[in-house]
Every structure is written in structure tokens, then in C-alpha cells.
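> Structure file final_36.pdb (PDB, C-alpha atoms, pLDDT in the B column) is given on the next line.
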ATOM      1  CA  MET A   1     -20.608  10.401   8.171  1.00 39.00           C
ATOM      2  CA  THR A   2     -23.724   8.732   9.551  1.00 39.00           C
ATOM      3  CA  SER A   3     -24.444   6.478  12.489  1.00 43.00           C
ATOM      4  CA  GLN A   4     -25.323   3.608  10.156  1.00 54.00           C
ATOM      5  CA  LYS A   5     -22.927   0.723   9.578  1.00 64.00           C
ATOM      6  CA  ARG A   6     -20.679   1.856   6.761  1.00 75.00           C
ATOM      7  CA  LYS A   7     -18.514   0.016   4.252  1.00 89.00           C
ATOM      8  CA  ILE A   8     -14.841   0.214   5.179  1.00 96.00           C
ATOM      9  CA  LEU A   9     -12.228   0.153   2.420  1.00 97.00           C
ATOM     10  CA  LEU A  10      -8.703  -1.066   3.183  1.00 97.00           C
ATOM     11  CA  VAL A  11      -6.178  -0.660   0.377  1.00 97.00           C
ATOM     12  CA  ALA A  12      -2.848  -2.446   0.809  1.00 97.00           C
ATOM     13  CA  ASN A  13      -0.098  -0.694  -1.138  1.00 98.00           C
ATOM     14  CA  TRP A  14       2.899  -3.013  -1.301  1.00 98.00           C
ATOM     15  CA  LYS A  15       4.918  -0.400  -3.207  1.00 97.00           C
ATOM     16  CA  CYS A  16       8.138  -1.944  -4.638  1.00 98.00           C
ATOM     17  CA  ASN A  17       7.923  -5.033  -2.432  1.00 98.00           C
ATOM     18  CA  PRO A  18       8.667  -7.912  -2.111  1.00 98.00           C
ATOM     19  CA  ALA A  19      11.711  -8.616  -4.245  1.00 97.00           C
ATOM     20  CA  THR A  20      10.660 -11.942  -5.796  1.00 98.00           C
ATOM     21  CA  LEU A  21       7.528 -13.699  -7.023  1.00 96.00           C
ATOM     22  CA  PRO A  22       7.765 -16.564  -4.473  1.00 97.00           C
ATOM     23  CA  GLU A  23       7.920 -14.004  -1.647  1.00 97.00           C
ATOM     24  CA  ALA A  24       4.943 -12.158  -3.092  1.00 97.00           C
ATOM     25  CA  GLN A  25       2.952 -15.380  -3.397  1.00 95.00           C
ATOM     26  CA  ARG A  26       3.692 -16.308   0.222  1.00 95.00           C
ATOM     27  CA  LEU A  27       2.653 -12.869   1.444  1.00 96.00           C
ATOM     28  CA  PHE A  28      -0.531 -12.911  -0.620  1.00 95.00           C
ATOM     29  CA  ALA A  29      -1.444 -16.390   0.648  1.00 93.00           C
ATOM     30  CA  ALA A  30      -0.776 -15.372   4.251  1.00 93.00           C
ATOM     31  CA  ILE A  31      -2.948 -12.273   3.931  1.00 92.00           C
ATOM     32  CA  LYS A  32      -5.746 -14.338   2.379  1.00 89.00           C
ATOM     33  CA  LYS A  33      -5.661 -16.618   5.432  1.00 87.00           C
ATOM     34  CA  THR A  34      -5.633 -13.831   7.998  1.00 82.00           C
ATOM     35  CA  VAL A  35      -8.235 -11.677   6.265  1.00 82.00           C
ATOM     36  CA  PRO A  36     -11.656 -13.341   6.612  1.00 74.00           C
ATOM     37  CA  ARG A  37     -14.459 -12.041   4.473  1.00 74.00           C
ATOM     38  CA  TYR A  38     -16.568  -9.454   6.264  1.00 77.00           C
ATOM     39  CA  ASN A  39     -19.681  -8.008   4.694  1.00 79.00           C
ATOM     40  CA  ASN A  40     -18.827  -4.451   5.676  1.00 86.00           C
ATOM     41  CA  ILE A  41     -15.147  -4.466   4.599  1.00 92.00           C
ATOM     42  CA  ASP A  42     -13.539  -4.340   1.171  1.00 93.00           C
ATOM     43  CA  VAL A  43      -9.864  -5.309   1.053  1.00 95.00           C
ATOM     44  CA  VAL A  44      -7.848  -4.403  -2.040  1.00 96.00           C
ATOM     45  CA  ILE A  45      -4.309  -5.705  -2.482  1.00 96.00           C
ATOM     46  CA  CYS A  46      -2.053  -3.599  -4.728  1.00 98.00           C
ATOM     47  CA  PRO A  47       1.118  -5.578  -5.465  1.00 97.00           C
ATOM     48  CA  PRO A  48       3.792  -4.580  -7.983  1.00 98.00           C
ATOM     49  CA  ALA A  49       2.240  -4.811 -11.440  1.00 97.00           C
ATOM     50  CA  VAL A  50       4.508  -7.686 -12.511  1.00 96.00           C
ATOM     51  CA  PHE A  51       2.765  -9.934  -9.963  1.00 96.00           C
ATOM     52  CA  LEU A  52      -0.830  -9.029 -10.794  1.00 95.00           C
ATOM     53  CA  SER A  53      -1.514 -11.802 -13.304  1.00 93.00           C
ATOM     54  CA  ARG A  54      -0.352 -14.445 -10.816  1.00 92.00           C
ATOM     55  CA  PHE A  55      -2.889 -13.269  -8.252  1.00 92.00           C
ATOM     56  CA  SER A  56      -5.903 -12.648 -10.470  1.00 82.00           C
ATOM     57  CA  ALA A  57      -6.767 -16.348 -10.703  1.00 74.00           C
ATOM     58  CA  VAL A  58      -6.748 -16.629  -6.909  1.00 75.00           C
ATOM     59  CA  GLY A  59      -9.598 -14.161  -6.496  1.00 73.00           C
ATOM     60  CA  GLY A  60     -10.045 -11.165  -4.233  1.00 79.00           C
ATOM     61  CA  LYS A  61      -9.906  -7.507  -5.162  1.00 93.00           C
ATOM     62  CA  LEU A  62      -6.695  -6.315  -6.730  1.00 96.00           C
ATOM     63  CA  GLY A  63      -5.336  -2.925  -7.631  1.00 98.00           C
ATOM     64  CA  VAL A  64      -2.471  -1.503  -9.641  1.00 98.00           C
ATOM     65  CA  GLN A  65      -0.153   1.087  -8.077  1.00 98.00           C
ATOM     66  CA  ASP A  66      -0.077   3.358 -11.114  1.00 98.00           C
ATOM     67  CA  VAL A  67      -1.311   3.595 -14.710  1.00 98.00           C
ATOM     68  CA  PHE A  68      -0.286   5.650 -17.720  1.00 98.00           C
ATOM     69  CA  TRP A  69      -2.643   8.090 -19.445  1.00 98.00           C
ATOM     70  CA  GLU A  70      -2.555   6.097 -22.694  1.00 98.00           C
ATOM     71  CA  ASN A  71      -3.571   2.462 -23.103  1.00 97.00           C
ATOM     72  CA  THR A  72      -0.964   1.617 -25.741  1.00 97.00           C
ATOM     73  CA  GLY A  73       1.847   3.267 -27.644  1.00 98.00           C
ATOM     74  CA  ALA A  74       5.559   4.035 -27.645  1.00 98.00           C
ATOM     75  CA  TYR A  75       5.817   4.603 -23.895  1.00 98.00           C
ATOM     76  CA  THR A  76       8.564   2.336 -22.620  1.00 98.00           C
ATOM     77  CA  GLY A  77       7.843   0.953 -19.157  1.00 96.00           C
ATOM     78  CA  ALA A  78       4.300   2.345 -18.991  1.00 97.00           C
ATOM     79  CA  ILE A  79       1.272   0.333 -17.857  1.00 97.00           C
ATOM     80  CA  GLY A  80      -2.040   1.052 -19.566  1.00 98.00           C
ATOM     81  CA  SER A  81      -5.304   0.935 -17.643  1.00 98.00           C
ATOM     82  CA  ARG A  82      -6.777  -1.682 -19.972  1.00 98.00           C
ATOM     83  CA  MET A  83      -3.676  -3.826 -19.457  1.00 97.00           C
ATOM     84  CA  ALA A  84      -4.179  -3.651 -15.711  1.00 97.00           C
ATOM     85  CA  ARG A  85      -7.861  -4.561 -16.083  1.00 97.00           C
ATOM     86  CA  SER A  86      -7.007  -7.527 -18.285  1.00 96.00           C
ATOM     87  CA  VAL A  87      -4.831  -9.136 -15.589  1.00 95.00           C
ATOM     88  CA  GLY A  88      -7.297  -8.704 -12.752  1.00 95.00           C
ATOM     89  CA  ALA A  89      -6.971  -5.171 -11.389  1.00 97.00           C
ATOM     90  CA  SER A  90     -10.199  -3.396 -10.502  1.00 97.00           C
ATOM     91  CA  TYR A  91      -8.622  -0.461  -8.630  1.00 98.00           C
ATOM     92  CA  ALA A  92      -5.803   1.944  -9.484  1.00 98.00           C
ATOM     93  CA  ILE A  93      -3.789   4.075  -7.073  1.00 98.00           C
ATOM     94  CA  ILE A  94      -3.040   7.359  -8.828  1.00 98.00           C
ATOM     95  CA  GLY A  95      -0.986  10.341  -7.704  1.00 97.00           C
ATOM     96  CA  HIS A  96       0.750   8.725  -4.759  1.00 96.00           C
ATOM     97  CA  SER A  97       3.126  11.188  -3.122  1.00 94.00           C
ATOM     98  CA  GLU A  98       6.133   8.987  -3.845  1.00 94.00           C
ATOM     99  CA  ARG A  99       5.402   9.126  -7.575  1.00 95.00           C
ATOM    100  CA  ARG A 100       4.815  12.865  -7.405  1.00 94.00           C
ATOM    101  CA  GLU A 101       8.169  13.302  -5.657  1.00 92.00           C
ATOM    102  CA  HIS A 102      10.413  10.699  -7.298  1.00 94.00           C
ATOM    103  CA  MET A 103       8.850  10.539 -10.777  1.00 95.00           C
ATOM    104  CA  GLY A 104       7.953  14.214 -11.054  1.00 95.00           C
ATOM    105  CA  GLU A 105       4.240  13.666 -11.569  1.00 97.00           C
ATOM    106  CA  THR A 106       2.282  16.897 -11.802  1.00 97.00           C
ATOM    107  CA  ASN A 107      -1.375  17.504 -11.033  1.00 98.00           C
ATOM    108  CA  GLU A 108      -2.035  17.607 -14.770  1.00 98.00           C
ATOM    109  CA  MET A 109      -0.388  14.230 -15.291  1.00 98.00           C
ATOM    110  CA  VAL A 110      -2.412  12.804 -12.435  1.00 98.00           C
ATOM    111  CA  GLN A 111      -5.593  14.215 -13.960  1.00 98.00           C
ATOM    112  CA  ALA A 112      -4.863  12.524 -17.294  1.00 98.00           C
ATOM    113  CA  LYS A 113      -4.269   9.215 -15.543  1.00 98.00           C
ATOM    114  CA  VAL A 114      -7.506   9.516 -13.553  1.00 98.00           C
ATOM    115  CA  LYS A 115      -9.534  10.004 -16.733  1.00 98.00           C
ATOM    116  CA  ALA A 116      -7.813   7.082 -18.471  1.00 98.00           C
ATOM    117  CA  ALA A 117      -8.354   4.734 -15.530  1.00 98.00           C
ATOM    118  CA  LEU A 118     -12.029   5.644 -15.213  1.00 98.00           C
ATOM    119  CA  ALA A 119     -12.548   5.205 -18.956  1.00 98.00           C
ATOM    120  CA  ALA A 120     -11.105   1.688 -18.665  1.00 98.00           C
ATOM    121  CA  GLY A 121     -13.506   0.807 -15.847  1.00 98.00           C
ATOM    122  CA  LEU A 122     -11.083   0.994 -12.929  1.00 98.00           C
ATOM    123  CA  ARG A 123     -11.969   2.472  -9.562  1.00 98.00           C
ATOM    124  CA  VAL A 124      -9.508   5.249  -8.765  1.00 98.00           C
ATOM    125  CA  VAL A 125      -7.803   5.888  -5.439  1.00 98.00           C
ATOM    126  CA  LEU A 126      -6.641   9.472  -5.922  1.00 98.00           C
ATOM    127  CA  CYS A 127      -3.907  10.413  -3.464  1.00 98.00           C
ATOM    128  CA  VAL A 128      -3.577  13.965  -2.156  1.00 97.00           C
ATOM    129  CA  GLY A 129      -1.732  15.529   0.734  1.00 94.00           C
ATOM    130  CA  GLU A 130       0.388  18.454   1.833  1.00 90.00           C
ATOM    131  CA  LYS A 131       4.175  18.389   2.107  1.00 85.00           C
ATOM    132  CA  SER A 132       4.278  20.148   5.468  1.00 77.00           C
ATOM    133  CA  ARG A 133       2.063  21.578   8.184  1.00 74.00           C
ATOM    134  CA  ASP A 134       4.455  24.458   8.724  1.00 73.00           C
ATOM    135  CA  GLY A 135       3.244  27.992   8.098  1.00 72.00           C
ATOM    136  CA  ASP A 136      -0.220  29.250   7.270  1.00 76.00           C
ATOM    137  CA  ALA A 137      -3.012  26.651   7.394  1.00 75.00           C
ATOM    138  CA  ALA A 138      -4.610  28.243   4.354  1.00 79.00           C
ATOM    139  CA  ALA A 139      -1.458  27.484   2.345  1.00 81.00           C
ATOM    140  CA  TYR A 140      -1.383  23.726   2.934  1.00 80.00           C
ATOM    141  CA  ALA A 141      -5.170  23.482   2.688  1.00 90.00           C
ATOM    142  CA  GLY A 142      -4.971  25.276  -0.646  1.00 93.00           C
ATOM    143  CA  PHE A 143      -2.272  22.842  -1.781  1.00 94.00           C
ATOM    144  CA  VAL A 144      -4.628  19.898  -1.137  1.00 96.00           C
ATOM    145  CA  LYS A 145      -7.561  21.704  -2.753  1.00 96.00           C
ATOM    146  CA  GLU A 146      -5.511  22.226  -5.916  1.00 97.00           C
ATOM    147  CA  GLU A 147      -4.590  18.534  -6.054  1.00 97.00           C
ATOM    148  CA  VAL A 148      -8.250  17.549  -5.682  1.00 98.00           C
ATOM    149  CA  SER A 149      -9.563  20.131  -8.127  1.00 98.00           C
ATOM    150  CA  VAL A 150      -7.073  19.418 -10.901  1.00 98.00           C
ATOM    151  CA  GLY A 151      -7.107  15.660 -10.312  1.00 98.00           C
ATOM    152  CA  LEU A 152     -10.881  15.579 -10.819  1.00 98.00           C
ATOM    153  CA  ARG A 153     -11.004  18.052 -13.707  1.00 97.00           C
ATOM    154  CA  GLY A 154     -13.206  16.620 -16.430  1.00 96.00           C
ATOM    155  CA  VAL A 155     -14.577  13.840 -14.217  1.00 98.00           C
ATOM    156  CA  THR A 156     -18.374  13.783 -14.451  1.00 97.00           C
ATOM    157  CA  LYS A 157     -20.652  13.401 -11.452  1.00 96.00           C
ATOM    158  CA  GLN A 158     -21.558   9.933 -12.688  1.00 96.00           C
ATOM    159  CA  SER A 159     -17.906   8.858 -12.954  1.00 97.00           C
ATOM    160  CA  LEU A 160     -17.160  10.354  -9.543  1.00 97.00           C
ATOM    161  CA  GLY A 161     -18.885   7.323  -8.053  1.00 96.00           C
ATOM    162  CA  ASN A 162     -15.760   5.345  -8.999  1.00 98.00           C
ATOM    163  CA  VAL A 163     -13.342   7.708  -7.275  1.00 98.00           C
ATOM    164  CA  ILE A 164     -12.009   7.504  -3.716  1.00 98.00           C
ATOM    165  CA  ILE A 165      -9.646  10.117  -2.329  1.00 98.00           C
ATOM    166  CA  ALA A 166      -6.825   8.993  -0.056  1.00 98.00           C
ATOM    167  CA  TYR A 167      -5.583  11.804   2.139  1.00 96.00           C
ATOM    168  CA  GLU A 168      -1.904  11.126   2.848  1.00 94.00           C
ATOM    169  CA  PRO A 169       0.097  13.933   4.420  1.00 91.00           C
ATOM    170  CA  ILE A 170       3.434  13.576   2.681  1.00 84.00           C
ATOM    171  CA  TRP A 171       5.482  14.127   5.836  1.00 83.00           C
ATOM    172  CA  ALA A 172       3.804  11.052   7.392  1.00 78.00           C
ATOM    173  CA  VAL A 173       4.276   8.648   4.468  1.00 82.00           C
ATOM    174  CA  GLY A 174       6.901   6.001   5.229  1.00 70.00           C
ATOM    175  CA  SER A 175       7.723   7.564   8.583  1.00 72.00           C
ATOM    176  CA  ASP A 176       6.926   6.573  12.151  1.00 74.00           C
ATOM    177  CA  GLU A 177       4.810   9.692  12.626  1.00 79.00           C
ATOM    178  CA  ALA A 178       1.195   9.416  11.541  1.00 81.00           C
ATOM    179  CA  ASP A 179      -1.152  12.365  11.517  1.00 88.00           C
ATOM    180  CA  THR A 180      -3.663  12.733  14.351  1.00 92.00           C
ATOM    181  CA  PRO A 181      -7.301  11.675  13.883  1.00 95.00           C
ATOM    182  CA  GLU A 182      -8.396  15.187  14.847  1.00 95.00           C
ATOM    183  CA  ARG A 183      -6.366  16.860  12.106  1.00 93.00           C
ATOM    184  CA  THR A 184      -7.335  14.148   9.643  1.00 95.00           C
ATOM    185  CA  LEU A 185     -11.001  14.864  10.414  1.00 96.00           C
ATOM    186  CA  GLU A 186     -10.431  18.519   9.553  1.00 94.00           C
ATOM    187  CA  MET A 187      -8.862  17.576   6.226  1.00 95.00           C
ATOM    188  CA  ALA A 188     -11.530  14.975   5.428  1.00 97.00           C
ATOM    189  CA  LEU A 189     -14.195  17.631   5.963  1.00 96.00           C
ATOM    190  CA  TYR A 190     -12.222  20.087   3.850  1.00 96.00           C
ATOM    191  CA  ILE A 191     -11.859  17.557   1.029  1.00 97.00           C
ATOM    192  CA  ARG A 192     -15.602  16.897   1.084  1.00 98.00           C
ATOM    193  CA  LYS A 193     -16.247  20.659   1.053  1.00 97.00           C
ATOM    194  CA  THR A 194     -14.060  20.871  -2.039  1.00 98.00           C
ATOM    195  CA  ILE A 195     -16.110  18.071  -3.609  1.00 98.00           C
ATOM    196  CA  ALA A 196     -19.282  19.985  -2.730  1.00 98.00           C
ATOM    197  CA  ASP A 197     -17.921  23.098  -4.448  1.00 97.00           C
ATOM    198  CA  LEU A 198     -16.948  21.088  -7.535  1.00 97.00           C
ATOM    199  CA  TYR A 199     -20.125  19.009  -7.712  1.00 97.00           C
ATOM    200  CA  ASP A 200     -22.793  19.363  -5.021  1.00 95.00           C
ATOM    201  CA  ARG A 201     -23.380  18.883  -1.305  1.00 95.00           C
ATOM    202  CA  THR A 202     -25.307  15.623  -1.660  1.00 95.00           C
ATOM    203  CA  VAL A 203     -22.436  13.971  -3.507  1.00 95.00           C
ATOM    204  CA  ALA A 204     -19.929  15.315  -0.999  1.00 96.00           C
ATOM    205  CA  GLN A 205     -21.764  13.938   2.036  1.00 93.00           C
ATOM    206  CA  THR A 206     -21.234  10.349   0.953  1.00 93.00           C
ATOM    207  CA  PHE A 207     -17.909  10.778  -0.844  1.00 97.00           C
ATOM    208  CA  PRO A 208     -15.348   8.221   0.444  1.00 97.00           C
ATOM    209  CA  VAL A 209     -12.096   9.490   1.942  1.00 98.00           C
ATOM    210  CA  LEU A 210      -9.279   7.249   3.195  1.00 98.00           C
ATOM    211  CA  TYR A 211      -6.358   8.042   5.465  1.00 96.00           C
ATOM    212  CA  GLY A 212      -2.833   7.059   4.440  1.00 95.00           C
ATOM    213  CA  GLY A 213       0.505   7.825   6.045  1.00 91.00           C
ATOM    214  CA  SER A 214       2.000   5.319   8.518  1.00 91.00           C
ATOM    215  CA  ALA A 215      -1.386   3.704   9.150  1.00 95.00           C
ATOM    216  CA  ASN A 216      -0.992   0.561  11.254  1.00 96.00           C
ATOM    217  CA  ALA A 217      -2.747  -1.675  13.765  1.00 97.00           C
ATOM    218  CA  GLY A 218      -1.812   0.703  16.566  1.00 96.00           C
ATOM    219  CA  ASN A 219      -3.630   3.731  15.142  1.00 96.00           C
ATOM    220  CA  ALA A 220      -6.244   2.206  12.821  1.00 97.00           C
ATOM    221  CA  ARG A 221      -9.032   2.254  15.408  1.00 97.00           C
ATOM    222  CA  ALA A 222      -8.499   5.919  16.217  1.00 97.00           C
ATOM    223  CA  PHE A 223      -8.510   6.989  12.567  1.00 97.00           C
ATOM    224  CA  LEU A 224     -11.607   4.953  11.711  1.00 97.00           C
ATOM    225  CA  ARG A 225     -13.436   6.157  14.826  1.00 97.00           C
ATOM    226  CA  ASP A 226     -12.396   9.798  15.012  1.00 97.00           C
ATOM    227  CA  GLY A 227     -10.756  10.694  11.691  1.00 97.00           C
ATOM    228  CA  GLY A 228     -13.869  11.116   9.567  1.00 97.00           C
ATOM    229  CA  VAL A 229     -12.572   8.581   7.042  1.00 98.00           C
ATOM    230  CA  ASP A 230     -14.078   5.522   5.360  1.00 98.00           C
ATOM    231  CA  GLY A 231     -10.968   3.386   5.381  1.00 98.00           C
ATOM    232  CA  LEU A 232      -7.194   3.315   5.177  1.00 98.00           C
ATOM    233  CA  LEU A 233      -4.456   3.247   2.555  1.00 98.00           C
ATOM    234  CA  VAL A 234      -1.901   0.983   4.236  1.00 97.00           C
ATOM    235  CA  GLY A 235       1.717   0.841   3.121  1.00 96.00           C
ATOM    236  CA  ARG A 236       4.432  -0.723   5.245  1.00 95.00           C
ATOM    237  CA  ALA A 237       2.002  -2.499   7.582  1.00 96.00           C
ATOM    238  CA  SER A 238       0.426  -4.332   4.636  1.00 97.00           C
ATOM    239  CA  LEU A 239       3.687  -6.234   4.107  1.00 97.00           C
ATOM    240  CA  GLN A 240       3.145  -8.048   7.407  1.00 96.00           C
ATOM    241  CA  ALA A 241       0.223 -10.464   7.181  1.00 95.00           C
ATOM    242  CA  LYS A 242      -0.452 -10.562  10.929  1.00 95.00           C
ATOM    243  CA  GLU A 243      -0.301  -6.799  11.271  1.00 96.00           C
ATOM    244  CA  PHE A 244      -2.605  -6.288   8.309  1.00 96.00           C
ATOM    245  CA  GLY A 245      -4.945  -8.950   9.656  1.00 94.00           C
ATOM    246  CA  LYS A 246      -5.218  -6.979  12.905  1.00 95.00           C
ATOM    247  CA  ILE A 247      -6.152  -3.877  10.931  1.00 96.00           C
ATOM    248  CA  VAL A 248      -8.925  -5.817   9.202  1.00 95.00           C
ATOM    249  CA  GLN A 249     -10.232  -7.077  12.537  1.00 93.00           C
ATOM    250  CA  ILE A 250     -10.244  -3.542  13.907  1.00 95.00           C
ATOM    251  CA  ALA A 251     -12.076  -2.270  10.824  1.00 95.00           C
ATOM    252  CA  ASN A 252     -14.768  -4.883  11.387  1.00 91.00           C
ATOM    253  CA  GLU A 253     -15.731  -3.059  14.601  1.00 91.00           C
ATOM    254  CA  PHE A 254     -17.133  -0.226  12.502  1.00 90.00           C
TER
END
Render the structure in this file as C-alpha cells.

Amino acid sequence: MTSQKRKILLVANWKCNPATLPEAQRLFAAIKKTVPRYNNIDVVICPPAVFLSRFSAVGGKLGVQDVFWENTGAYTGAIGSRMARSVGASYAIIGHSERREHMGETNEMVQAKVKAALAAGLRVVLCVGEKSRDGDAAAYAGFVKEEVSVGLRGVTKQSLGNVIIAYEPIWAVGSDEADTPERTLEMALYIRKTIADLYDRTVAQTFPVLYGGSANAGNARAFLRDGGVDGLLVGRASLQAKEFGKIVQIANEF
């Protein structure tokens, strides 16, 4: 991190919400109104994939919440990276803890998806994070290192410029208990050290890391100021236009 004004990335992950297209359109319109354009902030909205084509004509940066590792084929229910690109997505969230837990995604599956998304020209938000802070620190740090290392296997230094890592401690996702900025700083530094070991120190120094896991307007300032991160992956709070608008305003301070 440097003292210079840095670009903040805010990624809104709507998950499986809202239930209908009219609701999604109202939420998207409300967020567009409450999120002015700031030169130092990028806001990416990641709605359910079925809504993407309705939003692409409106403008703004859009992301898809998951992609498959093949673009086409006999894979019922899968979404190819090129499909997502064709309806307006420029970002892809890959390896979110909820997909790892509920859909059984392995590090190897995540790695295949990362390569496919990059090949299709998407920017990848690669999610990593430990299940628990209980026990030996080396154990949960090693868990995160494995997710990073396998997730980036085969990704060239040139392609790495289109990868962002979102650190989301699994125990904080969807809960009312976020991590602390101090512990997030430790993990952000550790993730960048892992990047340095995989690539080089120069790349690692500027590598973007986000925090995710119950991020909201109440803790956004602390994470952006003291957490060693370049932005936030926002879940539940992104479903409330006013709340998300406050997060954007806070991010503009940095």
C-alpha cells in the first residue's frame, strides 16, 4: 500500500436475490441513483445471471457470480464465460465460499474456472478464506495459501493483471460478525507474500486484495483504512441501495 490516492473496487454480490426481475430492476435503478461516479472508485454489480442481459444496456460495470470451466457443451445449468461476456459481464466471482460449501467446488475446479474466465476476457475476483480461526495459525494460513496457489496455477504473470483476490473468512460470511481490520491486514499481507512467492515481489506489492464477510457501512471505513485492502466484496449490504450508497461515499474518502 502507498500513500498515493488508490483505486477502490467495490463488488456487490447479490447472491440469489432478489426473487423477481421487477425487484431486481428497482434495486439496480436505486443503486445507480445513490452511487455517483467517482474517479477513484469502481463499482461492480453482480446480480443473478438471469438478470444480466436486462442490465447490460443500462451501462455500468457488471459481473457474474460464477462461470463454468467450459464455454459450451452438455453441462445442464452451467454458464460459460463467453456467455457472460456476451450479455454485459466484465467481472466474474469465482470460488465463493458458499459455492465451495454448498456446491462442493474444489480448488482444482476453481482453478479451471479461473483459467476459462481469463481466456474469455473477464476480470476474476478469486475468493479465498479459512473456515475457522481455531487452532494453529499456521494451519488456517496454510489453508488460504493452498486456495491461492491452486486457484492461480497456470495463470501467467501477464494474465494476473486481471485477477483480484477477495479474502473472505468463511465464518464471517452471511453472519453479523465481520473480521477485524487488524487480522485482515495480516491476511492481506500474507496473500501478497504468497503472490510474491508464486510470481515476484514487484507484482505482489500492487496486487489488489478485497475484504468480504459481513462488510457494511458500519465497518467499511475501518477495513479500507486499516485492513490493507483495496476494496470490499459486499453481500447482504449491497441489497439495500441506501446502505450500499453509504459504503460508496465512505470509499470516496480514500
> Could you expand the PyMOL selection byres ((chain A and resi 18) around 12) into the explicit residues it covers here, written as a ChimeraX atom specification?
/A:13-17,19-28,46-51,236,238-240
> If you measure from CA of Leu52 in chain A to CA of Asn252 in chain A, what distance in Å do you get, rounded to one decimal?
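Spanning CA of Leu52 in chain A to CA of Asn252 in chain A is a straight-line distance of 26.5 Å.
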> Compare A:Ile8, A:Leu160, A:Val203, A:Arg123 by their minimum atom-to-atom distance to Asn39 in chain A, counting all atoms listed in the file, and give me the closest one.
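Nearest candidate to Asn39 in chain A out of A:Ile8, A:Leu160, A:Val203, A:Arg123: A:Ile8.
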> Find the spatial neighbours of Ala220 in chain A, counting only C-alpha atoms, within a cut-off of 12 Å - ignore same-chain residues fewer than 2 positions away - and output them as a PyMOL selection string.
chain A and resi 8+10+178-181+210-218+222-227+229-234+237+243-254
> Quick one: residues within 6 Å of (-4.3, 2.0, -9.3) (file frame), counting only C-alpha atoms, please, as a list in words.
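Looking at atoms near the point gives Gly63, Val64, Gln65, Asp66, Tyr91, Ala92, Ile93 and Ile94 of chain A.
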> Apply the PyMOL selection byres ((chain A and resi 88) around 8) to the file shown and report the selected residues as number ranges by chain.
A: 52-53, 55-57, 62-63, 84-87, 89-90
> Care to translate the PyMOL selection byres ((chain A and resi 173) around 9) into actual residues of this file, as a list in words?
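Taken over the shown coordinates, the PyMOL selection byres ((chain A and resi 173) around 9) returns Ser97, Glu98, Glu168, Pro169, Ile170, Trp171, Ala172, Gly174, Ser175, Asp176, Glu177, Ala178, Gly212, Gly213, Ser214, Ala215 and Gly235 of chain A.
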